[in-house]
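Asks: Mind having a look at this structure? Questions to follow.
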Amino acid sequence: MKKQKIRKIYDKLDKYFGDLGWWPADSAFEVIVGAVLTQNTAWKNVEKAIEQLKQNKLLDPKKIESLSDARLSRLIRSSGYHRVKSERLKAVCRFLEKECGSRVNKLKKAGAASLREKLLSVKGIGPETADSILVYAFSKPVFVVDAYTRRIFSRHGLAGKDASYDEVQSVVHENFPMAHRKLNQFHAFLVETGKRFCKRKKGLCKECPIKGL
DNA sequence: CACCAGGCAAGTA
DNA sequence: TACTTGCATGGT
């Protein structure tokens, strides 16, 4: 039964990691920026980019929207794909201006499903980025599926190797209590497990806290 | 040197 | 629908 197995995995990881303090950010908007910048990119490189924006006091939707493409992409260069990502950031900022007058915290009151759809309509925001924003910026009860999650779920027989994003997400939504805090932590646990123990070419390694479940 | 990282969009068949 | 490719820096 998947329900039992997922529960077991969560409990093991909870005991092993405790509270990982995700998502590290000082504001909802910083979460959104981080969610875009971390697309297919190591978080370490994203931190430097966010730090650049902070040091220049530009971590603000209206300010980012009005920057030149050259300036913005230079500031976020360390996060990779900087030309693409500067466009994506601007698209998100335009969305925020239109949606809530750039008062980002207003969106906490929005319904999760409708906000998800709106986010997905922004160019540069796909399912993972949208869900990361929903759960980490706006505390919605949503489980984020990422590359590590896929890898781990596949190796533990919880999802097919090439299951779609929505399929993997459903496995968790249907088999795990829908508390925001736990879904939030669960994703953080899986990413941390992946980073440390489940690299692409290795199989499950000995020290992995959920080995053999 | 090769490979990977907390994806997504656009093009093709 | 299901592939494929471009995007790019920084770490191992």
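Just so we're on the same page: first chain in the structure tokens is A, next is B, and so on; residues restart at 1 for each chain, and ligands are numbered from 1 in the order they show up.
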Within 10 Å of chain C, which residues of chain A show up? Give each one with its shortest atom-to-atom distance in Å (one decimal) and the two atoms involved, counting only C-alpha atoms (C1' of nucleotides), rows by chain then rising residue number, as JSON lines.
Replies:
{"residue": "A:Thr41", "atom": "CA", "partner": "C:DT9", "partner_atom": "C1'", "distance": 8.7}
{"residue": "A:Ala42", "atom": "CA", "partner": "C:DG10", "partner_atom": "C1'", "distance": 8.5}
{"residue": "A:Lys44", "atom": "CA", "partner": "C:DG10", "partner_atom": "C1'", "distance": 8.9}
{"residue": "A:Asn45", "atom": "CA", "partner": "C:DG10", "partner_atom": "C1'", "distance": 7.0}
{"residue": "A:Ile76", "atom": "CA", "partner": "C:DT9", "partner_atom": "C1'", "distance": 10.0}
{"residue": "A:Arg77", "atom": "CA", "partner": "C:DT9", "partner_atom": "C1'", "distance": 7.0}
{"residue": "A:Ser78", "atom": "CA", "partner": "C:DT9", "partner_atom": "C1'", "distance": 5.4}
{"residue": "A:Ser79", "atom": "CA", "partner": "C:DT9", "partner_atom": "C1'", "distance": 6.1}
{"residue": "A:Gly80", "atom": "CA", "partner": "C:DT9", "partner_atom": "C1'", "distance": 4.4}
{"residue": "A:Tyr81", "atom": "CA", "partner": "C:DA8", "partner_atom": "C1'", "distance": 4.7}
{"residue": "A:His82", "atom": "CA", "partner": "C:DA8", "partner_atom": "C1'", "distance": 7.2}
{"residue": "A:Arg83", "atom": "CA", "partner": "C:DC7", "partner_atom": "C1'", "distance": 8.1}
{"residue": "A:Val84", "atom": "CA", "partner": "C:DC7", "partner_atom": "C1'", "distance": 6.8}
{"residue": "A:Lys85", "atom": "CA", "partner": "C:DC7", "partner_atom": "C1'", "distance": 9.2}
Asks: The selected residues should be written to file as a PDB file, in the first residue's frame (atoms: N, CA and C atoms).
Replies:
ATOM      1  N   THR A  41      18.937  24.672 -11.993  1.00  0.00           N
ATOM      2  CA  THR A  41      20.140  25.378 -11.546  1.00  0.00           C
ATOM      3  C   THR A  41      20.400  25.097 -10.072  1.00  0.00           C
ATOM      4  N   ALA A  42      21.679  24.954  -9.730  1.00  0.00           N
ATOM      5  CA  ALA A  42      22.045  24.720  -8.333  1.00  0.00           C
ATOM      6  C   ALA A  42      21.687  25.940  -7.484  1.00  0.00           C
ATOM      7  N   LYS A  44      22.935  27.207  -4.935  1.00  0.00           N
ATOM      8  CA  LYS A  44      24.075  28.042  -4.563  1.00  0.00           C
ATOM      9  C   LYS A  44      24.267  29.203  -5.551  1.00  0.00           C
ATOM     10  N   ASN A  45      24.090  28.922  -6.822  1.00  0.00           N
ATOM     11  CA  ASN A  45      24.239  29.972  -7.829  1.00  0.00           C
ATOM     12  C   ASN A  45      23.091  30.975  -7.781  1.00  0.00           C
ATOM     13  N   ILE A  76      21.790  38.885 -12.461  1.00  0.00           N
ATOM     14  CA  ILE A  76      21.441  37.497 -12.132  1.00  0.00           C
ATOM     15  C   ILE A  76      22.305  36.491 -12.886  1.00  0.00           C
ATOM     16  N   ARG A  77      23.390  36.963 -13.442  1.00  0.00           N
ATOM     17  CA  ARG A  77      24.229  36.126 -14.292  1.00  0.00           C
ATOM     18  C   ARG A  77      24.603  34.786 -13.658  1.00  0.00           C
ATOM     19  N   SER A  78      24.911  34.792 -12.376  1.00  0.00           N
ATOM     20  CA  SER A  78      25.387  33.574 -11.729  1.00  0.00           C
ATOM     21  C   SER A  78      24.369  32.442 -11.732  1.00  0.00           C
ATOM     22  N   SER A  79      23.105  32.754 -11.909  1.00  0.00           N
ATOM     23  CA  SER A  79      22.090  31.706 -11.858  1.00  0.00           C
ATOM     24  C   SER A  79      21.907  30.983 -13.199  1.00  0.00           C
ATOM     25  N   GLY A  80      22.693  31.365 -14.200  1.00  0.00           N
ATOM     26  CA  GLY A  80      22.607  30.671 -15.480  1.00  0.00           C
ATOM     27  C   GLY A  80      21.375  31.058 -16.292  1.00  0.00           C
ATOM     28  N   TYR A  81      21.372  30.755 -17.565  1.00  0.00           N
ATOM     29  CA  TYR A  81      20.250  31.112 -18.462  1.00  0.00           C
ATOM     30  C   TYR A  81      19.801  32.546 -18.201  1.00  0.00           C
ATOM     31  N   HIS A  82      20.742  33.446 -17.994  1.00  0.00           N
ATOM     32  CA  HIS A  82      20.355  34.748 -17.457  1.00  0.00           C
ATOM     33  C   HIS A  82      19.497  35.578 -18.379  1.00  0.00           C
ATOM     34  N   ARG A  83      19.672  35.423 -19.701  1.00  0.00           N
ATOM     35  CA  ARG A  83      18.815  36.192 -20.611  1.00  0.00           C
ATOM     36  C   ARG A  83      17.380  35.712 -20.536  1.00  0.00           C
ATOM     37  N   VAL A  84      17.217  34.400 -20.555  1.00  0.00           N
ATOM     38  CA  VAL A  84      15.878  33.826 -20.447  1.00  0.00           C
ATOM     39  C   VAL A  84      15.238  34.196 -19.118  1.00  0.00           C
ATOM     40  N   LYS A  85      16.035  34.059 -18.070  1.00  0.00           N
ATOM     41  CA  LYS A  85      15.457  34.269 -16.745  1.00  0.00           C
ATOM     42  C   LYS A  85      15.130  35.735 -16.467  1.00  0.00           C
TER      43      LYS A  85
END
Asks: Kindly assemble as JSON lines a list of the chain B residues that lie within 9 Å of chain A, each paired with its nearest atom pair and their distance in Å to one decimal, using only C-alpha atoms (C1' of nucleotides), sorted first by chain and then by ascending residue number.
Replies:
{"residue": "B:DC4", "atom": "C1'", "partner": "A:Arg200", "partner_atom": "CA", "distance": 8.4}
{"residue": "B:DA5", "atom": "C1'", "partner": "A:Ala42", "partner_atom": "CA", "distance": 4.2}
{"residue": "B:DG6", "atom": "C1'", "partner": "A:Thr38", "partner_atom": "CA", "distance": 6.3}
{"residue": "B:DG7", "atom": "C1'", "partner": "A:Gln39", "partner_atom": "CA", "distance": 4.6}
{"residue": "B:DC8", "atom": "C1'", "partner": "A:Gly124", "partner_atom": "CA", "distance": 6.0}
{"residue": "B:DA9", "atom": "C1'", "partner": "A:Gly124", "partner_atom": "CA", "distance": 7.6}
Asks: Enumerate, as an MDAnalysis selection string, the complete set of residues in segment 29-194 of chain A that a backbone-based DSSP assignment places in alpha helix (DSSP H).
Replies: chainID A and resid 29:37 43:55 61:66 69:75 82:100 112:120 127:132 147:155 165:175 180:194
Asks: List the spatial neighbours of Lys8 of chain A as a ChimeraX atom specification - criterion: any atom at most 12 Å away, only C-alpha atoms (C1' of nucleotides), same-chain residues fewer than 6 positions off excluded.
Replies: /A:1-2,14-15,156,175-176,186,209-213
Asks: Suppose you want the space between atom CA of Asn56 of chain A and atom CA of Ser68 of chain A; what is it in Å?
Replies: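 Answer for the atom CA of Asn56 of chain A to atom CA of Ser68 of chain A separation: 14.3 Å.
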Asks: Using only C-alpha atoms, tabulate the residues of segment 32-76 of chain A lying at most 9 Å from any atom of segment 87-95 of chain A, each with its closest atom pair and that distance in Å to one decimal, by chain and increasing residue number, as CSV.
Replies:
residue,atom,partner,partner_atom,distance
A:Ile32,CA,A:Val92,CA,8.4
A:Val33,CA,A:Leu89,CA,6.8
A:Val36,CA,A:Leu89,CA,7.0
A:Leu37,CA,A:Leu89,CA,8.3
A:Asp60,CA,A:Cys93,CA,8.6
A:Pro61,CA,A:Cys93,CA,5.0
A:Lys62,CA,A:Cys93,CA,6.8
A:Ile64,CA,A:Lys90,CA,6.6
A:Glu65,CA,A:Lys90,CA,5.1
A:Ser66,CA,A:Lys90,CA,8.4
A:Leu67,CA,A:Lys90,CA,8.8
A:Asp69,CA,A:Glu87,CA,7.4
A:Leu72,CA,A:Glu87,CA,9.0
A:Ser73,CA,A:Glu87,CA,8.6
Asks: In Å, with one decimal, what is the gap from atom CA of Gly18 of chain A to atom CA of Glu47 of chain A?
Replies: 22.7 Å
Asks: What does the distance from atom CA of Leu183 of chain A to atom CA of Phe143 of chain A come to in Å, to one decimal?
Replies: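 Computing it gives 5.2 Å between the two atoms.
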